[in-house]
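Novice: Here you go, model_27.pdb (PDB, C-alpha atoms, pLDDT in the B column):
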MODEL        1
ATOM      1  CA  ALA A   1      -9.565   3.281   5.644  1.00 83.00           C
ATOM      2  CA  ALA A   2      -7.762   5.422   3.056  1.00 85.00           C
ATOM      3  CA  LEU A   3     -10.655   5.201   0.627  1.00 94.00           C
ATOM      4  CA  ASN A   4     -13.147   6.094   3.344  1.00 96.00           C
ATOM      5  CA  ALA A   5     -11.026   9.148   4.163  1.00 92.00           C
ATOM      6  CA  GLY A   6     -11.250  10.323   0.571  1.00 95.00           C
ATOM      7  CA  ALA A   7      -7.893   9.116  -0.755  1.00 91.00           C
ATOM      8  CA  THR A   8      -7.473   7.914  -4.332  1.00 90.00           C
ATOM      9  CA  LEU A   9      -5.451   4.732  -4.840  1.00 91.00           C
ATOM     10  CA  HIS A  10      -3.533   4.152  -8.069  1.00 89.00           C
ATOM     11  CA  THR A  11      -2.564   0.502  -8.503  1.00 91.00           C
ATOM     12  CA  ASP A  12      -0.067  -0.764 -11.096  1.00 92.00           C
ATOM     13  CA  THR A  13       1.704   2.600 -10.933  1.00 93.00           C
ATOM     14  CA  PRO A  14       5.263   1.934  -9.742  1.00 93.00           C
ATOM     15  CA  VAL A  15       7.326   4.859  -8.515  1.00 95.00           C
ATOM     16  CA  THR A  16      10.500   5.443 -10.507  1.00 95.00           C
ATOM     17  CA  GLY A  17      12.029   8.422  -8.711  1.00 95.00           C
ATOM     18  CA  LEU A  18      12.005  10.659  -5.623  1.00 95.00           C
ATOM     19  CA  ALA A  19      13.311  14.220  -5.713  1.00 95.00           C
ATOM     20  CA  ARG A  20      13.129  17.143  -3.279  1.00 93.00           C
ATOM     21  CA  ASP A  21      12.950  20.699  -4.548  1.00 87.00           C
ATOM     22  CA  GLY A  22      12.249  23.765  -2.420  1.00 85.00           C
ATOM     23  CA  GLY A  23      10.738  21.837   0.461  1.00 87.00           C
ATOM     24  CA  LYS A  24       8.420  19.792  -1.766  1.00 94.00           C
ATOM     25  CA  TRP A  25       8.812  16.199  -2.876  1.00 96.00           C
ATOM     26  CA  THR A  26       8.167  15.087  -6.444  1.00 96.00           C
ATOM     27  CA  VAL A  27       7.321  11.428  -6.922  1.00 95.00           C
ATOM     28  CA  SER A  28       7.730  10.233 -10.519  1.00 96.00           C
ATOM     29  CA  THR A  29       5.836   7.190 -11.791  1.00 95.00           C
ATOM     30  CA  ALA A  30       6.346   4.693 -14.596  1.00 94.00           C
ATOM     31  CA  ARG A  31       3.055   5.729 -16.198  1.00 92.00           C
ATOM     32  CA  GLY A  32       4.250   9.310 -16.674  1.00 93.00           C
ATOM     33  CA  PRO A  33       2.357  11.501 -14.182  1.00 92.00           C
ATOM     34  CA  SER A  34       4.130  12.731 -11.045  1.00 94.00           C
ATOM     35  CA  VAL A  35       2.860  13.639  -7.592  1.00 93.00           C
ATOM     36  CA  SER A  36       3.942  16.626  -5.525  1.00 94.00           C
ATOM     37  CA  ALA A  37       3.730  16.403  -1.729  1.00 94.00           C
ATOM     38  CA  ASP A  38       5.092  17.881   1.464  1.00 95.00           C
ATOM     39  CA  ARG A  39       5.708  14.435   2.931  1.00 95.00           C
ATOM     40  CA  VAL A  40       6.337  10.976   1.496  1.00 96.00           C
ATOM     41  CA  VAL A  41       6.015   7.669   3.350  1.00 95.00           C
ATOM     42  CA  MET A  42       7.846   4.779   1.689  1.00 95.00           C
ATOM     43  CA  CYS A  43       6.618   1.309   2.688  1.00 93.00           C
ATOM     44  CA  THR A  44       7.955  -0.945  -0.071  1.00 92.00           C
ATOM     45  CA  ASN A  45       9.802  -3.381   2.229  1.00 93.00           C
ATOM     46  CA  ALA A  46      11.920  -5.667  -0.027  1.00 93.00           C
ATOM     47  CA  TYR A  47      10.865  -3.822  -3.184  1.00 92.00           C
ATOM     48  CA  GLY A  48      11.774  -0.310  -4.292  1.00 88.00           C
ATOM     49  CA  GLY A  49      15.066  -0.137  -2.398  1.00 86.00           C
ATOM     50  CA  GLY A  50      16.733   1.424  -5.415  1.00 90.00           C
ATOM     51  CA  LEU A  51      14.654   4.584  -4.992  1.00 93.00           C
ATOM     52  CA  TRP A  52      16.904   5.884  -2.228  1.00 94.00           C
ATOM     53  CA  PRO A  53      20.716   5.654  -1.959  1.00 93.00           C
ATOM     54  CA  GLY A  54      21.938   2.954   0.412  1.00 94.00           C
ATOM     55  CA  LEU A  55      18.499   1.538   1.204  1.00 95.00           C
ATOM     56  CA  LYS A  56      18.737  -1.657  -0.847  1.00 93.00           C
ATOM     57  CA  PRO A  57      22.026  -2.820   0.776  1.00 94.00           C
ATOM     58  CA  SER A  58      20.505  -2.327   4.245  1.00 95.00           C
ATOM     59  CA  ILE A  59      18.356  -5.477   3.904  1.00 94.00           C
ATOM     60  CA  ILE A  60      18.589  -9.065   2.697  1.00 90.00           C
ATOM     61  CA  ASP A  61      15.754  -9.525   0.188  1.00 90.00           C
ATOM     62  CA  ALA A  62      15.128 -13.236   0.737  1.00 88.00           C
ATOM     63  CA  ASN A  63      12.437 -15.175  -1.105  1.00 89.00           C
ATOM     64  CA  THR A  64       9.545 -16.826   0.712  1.00 91.00           C
ATOM     65  CA  PHE A  65       7.472 -19.463  -1.105  1.00 95.00           C
ATOM     66  CA  GLN A  66       3.889 -20.634  -0.558  1.00 97.00           C
ATOM     67  CA  VAL A  67       1.592 -23.337  -1.875  1.00 98.00           C
ATOM     68  CA  ALA A  68      -2.137 -23.895  -1.544  1.00 98.00           C
ATOM     69  CA  THR A  69      -4.208 -27.036  -2.095  1.00 98.00           C
ATOM     70  CA  VAL A  70      -7.605 -27.098  -3.717  1.00 98.00           C
ATOM     71  CA  PRO A  71     -10.420 -26.541  -1.173  1.00 98.00           C
ATOM     72  CA  LEU A  72     -10.433 -29.556   1.128  1.00 97.00           C
ATOM     73  CA  PRO A  73     -13.507 -31.764   1.628  1.00 96.00           C
ATOM     74  CA  ASP A  74     -15.384 -31.045   4.850  1.00 94.00           C
ATOM     75  CA  ARG A  75     -14.363 -34.376   6.399  1.00 94.00           C
ATOM     76  CA  ILE A  76     -10.659 -33.489   6.050  1.00 95.00           C
ATOM     77  CA  ARG A  77     -10.991 -29.798   6.779  1.00 94.00           C
ATOM     78  CA  ALA A  78     -12.766 -30.489  10.076  1.00 93.00           C
ATOM     79  CA  GLY A  79      -9.611 -32.102  11.484  1.00 93.00           C
ATOM     80  CA  ILE A  80      -7.190 -29.297  10.573  1.00 95.00           C
ATOM     81  CA  PHE A  81      -7.235 -26.111  12.678  1.00 93.00           C
ATOM     82  CA  PRO A  82     -10.974 -26.271  13.401  1.00 91.00           C
ATOM     83  CA  GLU A  83     -10.673 -23.052  15.428  1.00 91.00           C
ATOM     84  CA  GLY A  84      -9.113 -21.166  12.527  1.00 89.00           C
ATOM     85  CA  HIS A  85      -5.603 -20.882  13.915  1.00 90.00           C
ATOM     86  CA  VAL A  86      -2.779 -19.321  11.904  1.00 89.00           C
ATOM     87  CA  THR A  87       0.435 -21.137  12.794  1.00 88.00           C
ATOM     88  CA  SER A  88       4.197 -21.077  12.414  1.00 86.00           C
ATOM     89  CA  ASP A  89       6.828 -23.360  13.924  1.00 85.00           C
ATOM     90  CA  THR A  90      10.158 -22.788  15.685  1.00 81.00           C
ATOM     91  CA  ARG A  91      12.586 -23.919  12.977  1.00 78.00           C
ATOM     92  CA  ASN A  92      15.407 -21.646  11.947  1.00 76.00           C
ATOM     93  CA  LEU A  93      13.852 -21.816   8.471  1.00 78.00           C
ATOM     94  CA  LEU A  94      10.340 -21.557   9.791  1.00 84.00           C
ATOM     95  CA  LEU A  95       7.231 -22.989   8.207  1.00 90.00           C
ATOM     96  CA  TYR A  96       3.871 -21.246   8.445  1.00 92.00           C
ATOM     97  CA  PHE A  97       0.500 -22.731   7.590  1.00 95.00           C
ATOM     98  CA  ARG A  98      -3.236 -22.199   7.845  1.00 95.00           C
ATOM     99  CA  LEU A  99      -6.584 -22.772   6.149  1.00 96.00           C
ATOM    100  CA  ASP A 100      -7.950 -19.990   3.981  1.00 96.00           C
ATOM    101  CA  HIS A 101     -11.572 -18.849   3.889  1.00 94.00           C
ATOM    102  CA  GLN A 102     -12.438 -21.420   1.207  1.00 95.00           C
ATOM    103  CA  GLY A 103     -10.818 -24.377   2.952  1.00 96.00           C
ATOM    104  CA  ARG A 104      -7.512 -24.539   1.108  1.00 97.00           C
ATOM    105  CA  LEU A 105      -4.526 -25.598   3.198  1.00 98.00           C
ATOM    106  CA  LEU A 106      -1.653 -23.139   2.752  1.00 97.00           C
ATOM    107  CA  MET A 107       1.991 -23.872   3.534  1.00 96.00           C
ATOM    108  CA  GLY A 108       4.785 -21.322   3.370  1.00 95.00           C
ATOM    109  CA  GLY A 109       8.509 -21.371   3.968  1.00 91.00           C
ATOM    110  CA  ARG A 110      11.957 -20.893   2.490  1.00 85.00           C
ATOM    111  CA  GLY A 111      12.691 -20.911  -1.202  1.00 84.00           C
ATOM    112  CA  PRO A 112      15.710 -20.436  -3.456  1.00 83.00           C
ATOM    113  CA  PHE A 113      17.238 -16.945  -3.430  1.00 83.00           C
ATOM    114  CA  ARG A 114      16.814 -16.768  -7.203  1.00 87.00           C
ATOM    115  CA  GLU A 115      13.469 -16.398  -8.910  1.00 90.00           C
ATOM    116  CA  PRO A 116      11.607 -19.716  -9.421  1.00 92.00           C
ATOM    117  CA  LYS A 117      12.202 -21.742 -12.562  1.00 94.00           C
ATOM    118  CA  GLY A 118       9.336 -24.223 -12.277  1.00 94.00           C
ATOM    119  CA  GLU A 119       7.013 -26.185 -10.005  1.00 94.00           C
ATOM    120  CA  ALA A 120       9.946 -28.183  -8.597  1.00 94.00           C
ATOM    121  CA  ASP A 121      11.007 -25.113  -6.603  1.00 94.00           C
ATOM    122  CA  TRP A 122       7.907 -25.585  -4.431  1.00 96.00           C
ATOM    123  CA  ALA A 123       8.272 -29.373  -4.050  1.00 95.00           C
ATOM    124  CA  HIS A 124       9.837 -29.175  -0.574  1.00 92.00           C
ATOM    125  CA  LEU A 125       6.751 -27.389   0.774  1.00 95.00           C
ATOM    126  CA  GLU A 126       4.417 -29.910  -0.813  1.00 96.00           C
ATOM    127  CA  ARG A 127       6.386 -32.767   0.765  1.00 94.00           C
ATOM    128  CA  VAL A 128       6.419 -31.233   4.228  1.00 93.00           C
ATOM    129  CA  MET A 129       2.698 -30.466   4.066  1.00 96.00           C
ATOM    130  CA  VAL A 130       1.902 -34.147   3.546  1.00 96.00           C
ATOM    131  CA  LYS A 131       4.401 -35.100   6.259  1.00 94.00           C
ATOM    132  CA  MET A 132       2.702 -32.784   8.784  1.00 93.00           C
ATOM    133  CA  PHE A 133      -0.862 -33.432   7.596  1.00 96.00           C
ATOM    134  CA  PRO A 134      -0.958 -36.961   6.112  1.00 96.00           C
ATOM    135  CA  GLN A 135      -4.725 -36.711   5.643  1.00 96.00           C
ATOM    136  CA  VAL A 136      -4.163 -34.377   2.661  1.00 97.00           C
ATOM    137  CA  ALA A 137      -1.989 -36.881   0.743  1.00 97.00           C
ATOM    138  CA  GLY A 138      -3.079 -36.990  -2.883  1.00 96.00           C
ATOM    139  CA  THR A 139      -4.816 -33.618  -2.729  1.00 97.00           C
ATOM    140  CA  PRO A 140      -3.944 -31.484  -5.781  1.00 97.00           C
ATOM    141  CA  PHE A 141      -2.167 -28.167  -5.344  1.00 97.00           C
ATOM    142  CA  GLU A 142      -3.998 -25.255  -6.922  1.00 98.00           C
ATOM    143  CA  PHE A 143      -1.623 -22.326  -6.385  1.00 98.00           C
ATOM    144  CA  ARG A 144       2.117 -21.730  -6.033  1.00 97.00           C
ATOM    145  CA  TRP A 145       3.618 -18.271  -5.525  1.00 96.00           C
ATOM    146  CA  CYS A 146       6.500 -16.426  -3.919  1.00 95.00           C
ATOM    147  CA  GLY A 147       7.688 -12.967  -2.940  1.00 94.00           C
ATOM    148  CA  ARG A 148      10.545 -11.094  -1.328  1.00 92.00           C
ATOM    149  CA  VAL A 149      10.778 -10.308   2.389  1.00 92.00           C
ATOM    150  CA  ALA A 150      13.156  -7.753   3.899  1.00 93.00           C
ATOM    151  CA  VAL A 151      15.457  -8.997   6.657  1.00 91.00           C
ATOM    152  CA  THR A 152      17.516  -6.433   8.592  1.00 93.00           C
ATOM    153  CA  ARG A 153      20.801  -6.920  10.447  1.00 89.00           C
ATOM    154  CA  ASP A 154      19.100  -6.979  13.877  1.00 90.00           C
ATOM    155  CA  TYR A 155      15.875  -8.724  12.754  1.00 88.00           C
ATOM    156  CA  LEU A 156      13.823  -5.678  13.767  1.00 92.00           C
ATOM    157  CA  PRO A 157      11.779  -3.254  11.663  1.00 94.00           C
ATOM    158  CA  HIS A 158      13.600  -0.028  10.837  1.00 96.00           C
ATOM    159  CA  LEU A 159      12.296   3.503  10.418  1.00 97.00           C
ATOM    160  CA  HIS A 160      14.524   5.981   8.550  1.00 97.00           C
ATOM    161  CA  GLU A 161      14.161   9.674   7.809  1.00 97.00           C
ATOM    162  CA  PRO A 162      17.069  10.352   5.429  1.00 95.00           C
ATOM    163  CA  GLN A 163      15.716  13.820   4.587  1.00 95.00           C
ATOM    164  CA  PRO A 164      12.961  15.982   6.075  1.00 93.00           C
ATOM    165  CA  GLY A 165       9.567  14.856   4.875  1.00 95.00           C
ATOM    166  CA  LEU A 166      10.658  11.365   3.787  1.00 96.00           C
ATOM    167  CA  LEU A 167       9.792   8.508   6.167  1.00 97.00           C
ATOM    168  CA  VAL A 168      10.989   5.009   5.229  1.00 97.00           C
ATOM    169  CA  ASP A 169       9.567   1.877   6.871  1.00 96.00           C
ATOM    170  CA  ILE A 170      11.438  -1.329   6.047  1.00 96.00           C
ATOM    171  CA  GLY A 171      12.216  -4.751   7.517  1.00 94.00           C
ATOM    172  CA  CYS A 172       9.080  -6.819   8.124  1.00 90.00           C
ATOM    173  CA  GLN A 173      11.138 -10.046   8.451  1.00 86.00           C
ATOM    174  CA  GLY A 174       8.226 -11.931   6.845  1.00 83.00           C
ATOM    175  CA  ARG A 175       5.805 -10.894   9.612  1.00 81.00           C
ATOM    176  CA  GLY A 176       4.413  -7.764   8.043  1.00 83.00           C
ATOM    177  CA  VAL A 177       0.645  -8.331   8.139  1.00 81.00           C
ATOM    178  CA  GLY A 178       0.111  -7.790  11.858  1.00 81.00           C
ATOM    179  CA  LEU A 179       3.278  -5.784  12.431  1.00 85.00           C
ATOM    180  CA  GLN A 180       2.657  -3.175   9.746  1.00 88.00           C
ATOM    181  CA  THR A 181      -1.018  -2.782  10.562  1.00 87.00           C
ATOM    182  CA  CYS A 182       0.078  -1.435  13.948  1.00 90.00           C
ATOM    183  CA  MET A 183       3.062   0.429  12.517  1.00 93.00           C
ATOM    184  CA  GLY A 184       0.841   2.280  10.042  1.00 92.00           C
ATOM    185  CA  GLY A 185      -1.134   3.980  12.787  1.00 92.00           C
ATOM    186  CA  ALA A 186       2.039   5.074  14.553  1.00 95.00           C
ATOM    187  CA  MET A 187       3.570   6.444  11.354  1.00 96.00           C
ATOM    188  CA  ALA A 188       0.392   8.371  10.583  1.00 93.00           C
ATOM    189  CA  GLN A 189       0.578  10.043  13.985  1.00 95.00           C
ATOM    190  CA  TYR A 190       4.211  10.959  13.421  1.00 96.00           C
ATOM    191  CA  VAL A 191       3.582  12.358   9.943  1.00 94.00           C
ATOM    192  CA  VAL A 192       0.724  14.526  11.226  1.00 93.00           C
ATOM    193  CA  THR A 193       2.180  15.645  14.575  1.00 94.00           C
ATOM    194  CA  GLY A 194       5.938  15.285  14.167  1.00 93.00           C
ATOM    195  CA  ASP A 195       6.076  13.610  17.587  1.00 94.00           C
ATOM    196  CA  ALA A 196       8.721  10.870  17.415  1.00 94.00           C
ATOM    197  CA  ASN A 197       7.358   9.423  20.665  1.00 93.00           C
ATOM    198  CA  ALA A 198       4.488   8.022  18.620  1.00 92.00           C
ATOM    199  CA  LEU A 199       6.880   5.633  16.863  1.00 95.00           C
ATOM    200  CA  PRO A 200       7.389   2.140  18.367  1.00 93.00           C
ATOM    201  CA  VAL A 201      11.025   2.036  17.185  1.00 93.00           C
ATOM    202  CA  PRO A 202      13.375   5.037  17.003  1.00 95.00           C
ATOM    203  CA  LEU A 203      14.388   6.668  13.756  1.00 97.00           C
ATOM    204  CA  SER A 204      17.778   5.313  12.716  1.00 96.00           C
ATOM    205  CA  ALA A 205      20.449   5.843  10.083  1.00 96.00           C
ATOM    206  CA  ILE A 206      20.547   3.589   7.024  1.00 96.00           C
ATOM    207  CA  LYS A 207      23.352   1.047   7.462  1.00 94.00           C
ATOM    208  CA  PRO A 208      24.378  -1.457   4.773  1.00 92.00           C
ATOM    209  CA  PHE A 209      25.000  -5.153   5.319  1.00 88.00           C
ATOM    210  CA  PRO A 210      28.711  -5.987   5.304  1.00 86.00           C
ATOM    211  CA  LEU A 211      29.953  -7.540   2.064  1.00 82.00           C
ATOM    212  CA  TYR A 212      26.558  -6.913   0.485  1.00 80.00           C
ATOM    213  CA  PRO A 213      27.620  -7.975  -3.057  1.00 83.00           C
ATOM    214  CA  LEU A 214      28.349 -11.433  -1.628  1.00 79.00           C
ATOM    215  CA  ARG A 215      24.977 -11.743   0.106  1.00 79.00           C
ATOM    216  CA  ARG A 216      23.759 -14.622  -2.068  1.00 76.00           C
ATOM    217  CA  LEU A 217      26.778 -16.690  -1.136  1.00 79.00           C
ATOM    218  CA  TYR A 218      26.494 -16.242   2.613  1.00 76.00           C
ATOM    219  CA  VAL A 219      22.684 -16.453   2.614  1.00 76.00           C
ATOM    220  CA  ASN A 220      22.849 -19.775   0.742  1.00 75.00           C
ATOM    221  CA  ALA A 221      25.479 -21.012   3.211  1.00 78.00           C
ATOM    222  CA  VAL A 222      23.284 -20.076   6.176  1.00 75.00           C
ATOM    223  CA  VAL A 223      20.224 -21.676   4.567  1.00 73.00           C
ATOM    224  CA  SER A 224      22.152 -24.916   3.996  1.00 76.00           C
ATOM    225  CA  TRP A 225      23.319 -24.974   7.617  1.00 74.00           C
ATOM    226  CA  TYR A 226      19.831 -24.268   8.952  1.00 73.00           C
ATOM    227  CA  ARG A 227      18.346 -26.943   6.710  1.00 72.00           C
ATOM    228  CA  MET A 228      20.722 -29.489   8.226  1.00 76.00           C
ATOM    229  CA  THR A 229      20.040 -28.408  11.816  1.00 72.00           C
ATOM    230  CA  ASP A 230      16.285 -28.355  11.132  1.00 74.00           C
ATOM    231  CA  GLY A 231      16.383 -32.024  10.168  1.00 69.00           C
ATOM    232  CA  GLY A 232      16.702 -31.669   6.425  1.00 60.00           C
ATOM    233  CA  VAL A 233      13.232 -30.187   5.809  1.00 60.00           C
TER     234      VAL A 233
ENDMDL
END
For this file, produce the structure as structure tokens.

Specialist:
Amino acid sequence: AALNAGATLHTDTPVTGLARDGGKWTVSTARGPSVSADRVVMCTNAYGGGLWPGLKPSIIDANTFQVATVPLPDRIRAGIFPEGHVTSDTRNLLLYFRLDHQGRLLMGGRGPFREPKGEADWAHLERVMVKMFPQVAGTPFEFRWCGRVAVTRDYLPHLHEPQPGLLVDIGCQGRGVGLQTCMGGAMAQYVVTGDANALPVPLSAIKPFPLYPLRRLYVNAVVSWYRMTDGGV
């Protein structure tokens, strides 16, 4: 949609700084060039929190891990989500799974808070996939990856406007694909019209998590408890 509207997208160009001067915003980038704009919309979720004071401590940047098999044979694929469903369960540490457009079975769920050290960090997802879908036993895994999700104190998305012309959208809770597609339209209306009634959640102040420096300790404790109550998966 942005390209069709005439926008130019610059990938692999991380922002390194935001500064406001005389009513204009200057956005600095790692590649050197900067951008000047009247308004800035920041949608980095669990990444980029260091660009604005207090934003990073307002979320828990948990890791979510995913695996994907090689494309399944037709005889196996026909018995797994033949209607193309995308699914998640009701565990505290939920699992989510689907087939992709080439017939790979994907499984996602919790992972260690640290960055992965090797394939063993995905082993729990590979085990649970075979437990839930025994027909894929012995199928090789082609891809393993992970990324950060932003979890807020109330488990809801947050919109902040810490200074005029800067709109921050954060807190997808791992459900950003559908959620942020809708949120984007609402934010566009607000940026153009200034009508806060267009926003599905009210603008709020940035509030840090309590004892943020200890977040890894209490997140790991919660994960261990949930793993036990979820049946050890």

Novice: Around all the atoms of range 12-17 of chain A listed in the file, with 5 Å of room on each side, what axis-aligned box do you get, giving centre and edge lengths in Å to one decimal, as JSON?

Specialist:
{"center_x": 6.0, "center_y": 3.8, "center_z": -9.8, "size_x": 22.1, "size_y": 19.2, "size_z": 12.6}

Novice: Translate the PyMOL selection byres ((chain A and resi 118-121) around 12) into a concrete residue list for this structure, as a list in words.

Specialist: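 The output of the PyMOL selection byres ((chain A and resi 118-121) around 12) on this file is Asn63, Thr64, Phe65, Gln66, Val67, Gly109, Arg110, Gly111, Pro112, Phe113, Arg114, Glu115, Pro116, Lys117, Trp122, Ala123, His124, Leu125, Glu126, Arg127, Phe141, Glu142, Phe143, Arg144, Trp145 and Cys146 of chain A.
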
Novice: With the file shown as input, list the residues that the PyMOL selection byres ((chain A and resi 12) around 12) selects, as a VMD selection string.

Specialist: chain A and resid 9 to 11 13 to 15 29 to 31

Novice: Would you mind listing what lies within 12 Å of Thr69 in chain A as number ranges by chain, with all atoms listed in the file counted and same-chain residues fewer than 2 positions away left out?

Specialist: A: 66-67, 71-73, 77, 97-100, 102-108, 125-126, 129-130, 136-144

Novice: Would you pick out the contacts of Tyr155 in chain A at 7 Å or less, using all atoms listed in the file, so that residues sharing its chain but fewer than 3 positions from it are not included, and give the list as a PyMOL selection string?

Specialist: chain A and resi 151-152+173

Novice: Give the answer as one residue: which of A:Leu95, A:Ala2, A:Val41, A:Met228 has the shortest atom-to-atom distance to Pro164 in chain A, using only C-alpha atoms?

Specialist: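 Using only C-alpha atoms, the shortest distance to Pro164 in chain A belongs to A:Val41.
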
Novice: Enter the distance from CA of Gly23 in chain A to CA of Lys207 in chain A, in Å, rounded to one decimal.

Specialist: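 For CA of Gly23 in chain A relative to CA of Lys207 in chain A, the distance reads 25.3 Å.
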
Novice: Nearest to Leu18 in chain A among A:Leu51, A:Ala1, A:Leu217, A:Ala37, with distances taken over all atoms listed in the file: which residue is it?

Specialist: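 For Leu18 in chain A, the nearest of the given residues is A:Leu51.
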
Novice: Residues picked by the PyMOL selection byres ((chain A and resi 40) around 8) here, as a PDB file with C-alpha atoms, keeping the file's coordinate frame?

Specialist:
ATOM      1  CA  TRP A  25       8.812  16.199  -2.876  1.00 96.00           C
ATOM      2  CA  ALA A  37       3.730  16.403  -1.729  1.00 94.00           C
ATOM      3  CA  ASP A  38       5.092  17.881   1.464  1.00 95.00           C
ATOM      4  CA  ARG A  39       5.708  14.435   2.931  1.00 95.00           C
ATOM      5  CA  VAL A  41       6.015   7.669   3.350  1.00 95.00           C
ATOM      6  CA  MET A  42       7.846   4.779   1.689  1.00 95.00           C
ATOM      7  CA  GLY A 165       9.567  14.856   4.875  1.00 95.00           C
ATOM      8  CA  LEU A 166      10.658  11.365   3.787  1.00 96.00           C
ATOM      9  CA  LEU A 167       9.792   8.508   6.167  1.00 97.00           C
TER      10      LEU A 167
END

Novice: Using all heavy atoms, give me range 13-19 of chain A from the structure I just pasted, as a PDB file, in the first residue's frame.

Specialist:
ATOM      1  N   THR A  13      18.172  -0.236   7.113  1.00  0.00           N
ATOM      2  CA  THR A  13      18.583   1.125   7.459  1.00  0.00           C
ATOM      3  C   THR A  13      18.076   1.444   8.859  1.00  0.00           C
ATOM      4  O   THR A  13      17.103   2.184   9.040  1.00  0.00           O
ATOM      5  CB  THR A  13      18.024   2.148   6.443  1.00  0.00           C
ATOM      6  OG1 THR A  13      18.314   1.697   5.118  1.00  0.00           O
ATOM      7  CG2 THR A  13      18.653   3.518   6.637  1.00  0.00           C
ATOM      8  N   PRO A  14      18.698   0.865   9.895  1.00  0.00           N
ATOM      9  CA  PRO A  14      18.185   1.069  11.250  1.00  0.00           C
ATOM     10  C   PRO A  14      18.316   2.521  11.698  1.00  0.00           C
ATOM     11  O   PRO A  14      19.280   3.215  11.373  1.00  0.00           O
ATOM     12  CB  PRO A  14      19.066   0.151  12.106  1.00  0.00           C
ATOM     13  CG  PRO A  14      20.297  -0.070  11.289  1.00  0.00           C
ATOM     14  CD  PRO A  14      19.872  -0.027   9.862  1.00  0.00           C
ATOM     15  N   VAL A  15      17.317   2.960  12.442  1.00  0.00           N
ATOM     16  CA  VAL A  15      17.329   4.303  13.018  1.00  0.00           C
ATOM     17  C   VAL A  15      18.191   4.296  14.268  1.00  0.00           C
ATOM     18  O   VAL A  15      18.099   3.389  15.102  1.00  0.00           O
ATOM     19  CB  VAL A  15      15.890   4.748  13.351  1.00  0.00           C
ATOM     20  CG1 VAL A  15      15.895   6.061  14.141  1.00  0.00           C
ATOM     21  CG2 VAL A  15      15.077   4.913  12.068  1.00  0.00           C
ATOM     22  N   THR A  16      19.032   5.313  14.400  1.00  0.00           N
ATOM     23  CA  THR A  16      19.923   5.399  15.558  1.00  0.00           C
ATOM     24  C   THR A  16      19.593   6.559  16.478  1.00  0.00           C
ATOM     25  O   THR A  16      20.130   6.633  17.590  1.00  0.00           O
ATOM     26  CB  THR A  16      21.380   5.546  15.085  1.00  0.00           C
ATOM     27  OG1 THR A  16      21.487   6.686  14.217  1.00  0.00           O
ATOM     28  CG2 THR A  16      21.828   4.302  14.332  1.00  0.00           C
ATOM     29  N   GLY A  17      18.714   7.472  16.056  1.00  0.00           N
ATOM     30  CA  GLY A  17      18.398   8.600  16.923  1.00  0.00           C
ATOM     31  C   GLY A  17      17.175   9.374  16.472  1.00  0.00           C
ATOM     32  O   GLY A  17      16.855   9.426  15.273  1.00  0.00           O
ATOM     33  N   LEU A  18      16.454   9.942  17.430  1.00  0.00           N
ATOM     34  CA  LEU A  18      15.306  10.817  17.186  1.00  0.00           C
ATOM     35  C   LEU A  18      15.554  12.139  17.907  1.00  0.00           C
ATOM     36  O   LEU A  18      15.893  12.141  19.088  1.00  0.00           O
ATOM     37  CB  LEU A  18      14.014  10.190  17.732  1.00  0.00           C
ATOM     38  CG  LEU A  18      13.457   8.952  17.028  1.00  0.00           C
ATOM     39  CD1 LEU A  18      12.316   8.367  17.857  1.00  0.00           C
ATOM     40  CD2 LEU A  18      12.958   9.309  15.645  1.00  0.00           C
ATOM     41  N   ALA A  19      15.372  13.235  17.211  1.00  0.00           N
ATOM     42  CA  ALA A  19      15.559  14.546  17.841  1.00  0.00           C
ATOM     43  C   ALA A  19      14.555  15.532  17.259  1.00  0.00           C
ATOM     44  O   ALA A  19      14.238  15.484  16.062  1.00  0.00           O
ATOM     45  CB  ALA A  19      16.981  15.052  17.617  1.00  0.00           C
TER      46      ALA A  19
END
